[in-house]
Number of protein chains: 2
Amino acid sequence: MLHYTRESLDTMDRITRLNLVNCLSGYKSVNLIGTLSPKGITNLAVFNSVIHLGSDPPLLGFILRPTTVPRHTYENIKARSLFTVNHVNLELLKRAHQTSASYSREESEFELTEIEPLFKDGFDCPYVAESPIQLGCQYVNEYYIKENDTRLIVGEIKHIYLPEEALWKDGWLQLDQCNVLASNGLDGYAAVQLLERLSYARPVLAPKRLTKEDMS
Amino acid sequence: MLHYTRESLDTMDRITRLNLVNCLSGYKSVNLIGTLSPKGITNLAVFNSVIHLGSDPPLLGFILRPTTVPRHTYENIKARSLFTVNHVNLELLKRAHQTSASYSREESEFELTEIEPLFKDGFDCPYVAESPIQLGCQYVNEYYIKENDTRLIVGEIKHIYLPEEALWKDGWLQLDQCNVLASNGLDGYAAVQLLERLSYARPVLAPKRLTKEDMS
């Protein structure tokens, strides 16, 4: 095995360190976050930092880079308190990645990357029409992480749209049936296939495989 | 598409809501966090909330559930300031899942689940010997998330161990060559295969595929 220390990381060039450290936590989610500007311009940006925070209340979070560069997503969320989280599948991948280019505040990534926006059920924020899983979220709070000038944005899930066939009877959603991707580091994207669900672990029993039929 | 609202989530039974909402953020990492108790008992627990926070300084985080139930990992980190993050592959999966059973404070999950601990390079905290990617981390800070009584624990990466053959010249680590898994919700585990890396997005260029040969 190769061994790096904190000191050897410090002597790496910036891009190498960026590539490496971004991979170290393991696989990440891939989502498009949709917002609406104060002027009504739709905005879309790809994120690989959307995380689960809790189910009751239903909360998710994502990490925002330092705000020293323009962060349209953040400005829009602060102005309007709403955002959508839209999962990325293979068909959306290249266009989703392209939303990370530096477009101006007056341009919509939806138009520029040819991703169709969708407004529905009175929620005043654009979803990605093609996305297999779509969440409408309300901004709740943010935590400033002083160690590296980032922010954990916390949102409450208000609307959930998902394909019925991927849902198990006990509420569990089989993501590979939605064809959503995972990310590997800054710029790698991966296909995922379910191996198994394991039963709740108890001290004296080995975990057993759960099947969709168990839930019927 | 099925549509759930915040109100329909509130009327679901607790387990169904737990299963569903845990899946909504997308794929997650699967890691074993190793710690050492004040008495010197090794501790190991599976987490699917380890996230990348930044590369300079090299920081990662993970979410801890409410501390109203015993949290040995948290107590040990508070007492000794060190923890290890160890990626889970298929060989480790069932034993890793089993670490989530309620064992007592005096028992070591390493012994009970037959996972071999490893101490090395003067770092006073146990790694998982079999794990393909091992990180030695120092506790830096924590952020209490008041909306649901959880904590974001922030750690700095001090040691990195990884298989050289999975590393690209530009520092990017190909996780599928390490055979590490992703998680789907609370109890689902998935195999992952790289599709492609995409070049840095610029407004007027379509993203192109990066190859390992480009990096040579």
# chains A, B, ... in the order shown; residues from 1 in each chain; ligands from 1
$ select_by_dssp --residues "range 24-168 of chain A" --states "alpha helix (DSSP H)" --output "number ranges by chain"
A: 72-80, 93-98, 109-112
$ atom_distance --atom1 "CA of Asn48 in chain A" --atom2 "CA of Asn86 in chain B"
20.6 Å
$ atom_distance --atom1 "CA of Gly171 in chain B" --atom2 "CA of Arg17 in chain A"
6.5 Å
$ residues_around --residues "Val128 in chain B" --least-positions-apart "5" --cutoff "9 Å" --atoms "only C-alpha atoms" --output "mmCIF file with C-alpha atoms, in the first residue's frame"
data_model
loop_
_atom_site.group_PDB
_atom_site.id
_atom_site.type_symbol
_atom_site.label_atom_id
_atom_site.label_comp_id
_atom_site.auth_asym_id
_atom_site.auth_seq_id
_atom_site.Cartn_x
_atom_site.Cartn_y
_atom_site.Cartn_z
ATOM 1 C CA LEU B 32 -15.872 1.436 9.207
ATOM 2 C CA ILE B 33 -14.795 3.958 11.825
ATOM 3 C CA GLY B 34 -12.240 2.614 14.274
ATOM 4 C CA LEU B 44 -15.503 -0.397 15.280
ATOM 5 C CA THR B 84 -9.708 5.798 11.491
ATOM 6 C CA VAL B 85 -11.888 5.603 8.372
ATOM 7 C CA ASN B 86 -11.697 2.263 6.563
ATOM 8 C CA HIS B 87 -13.452 1.572 3.269
ATOM 9 C CA PHE B 110 -13.162 -6.144 16.023
ATOM 10 C CA ILE B 115 -12.243 -8.096 11.776
ATOM 11 C CA GLU B 116 -8.515 -7.787 12.332
ATOM 12 C CA PRO B 117 -7.321 -4.505 13.848
ATOM 13 C CA LEU B 118 -4.038 -2.969 12.740
ATOM 14 C CA PHE B 119 -1.906 -0.356 14.488
ATOM 15 C CA GLN B 134 -7.435 3.369 5.314
#
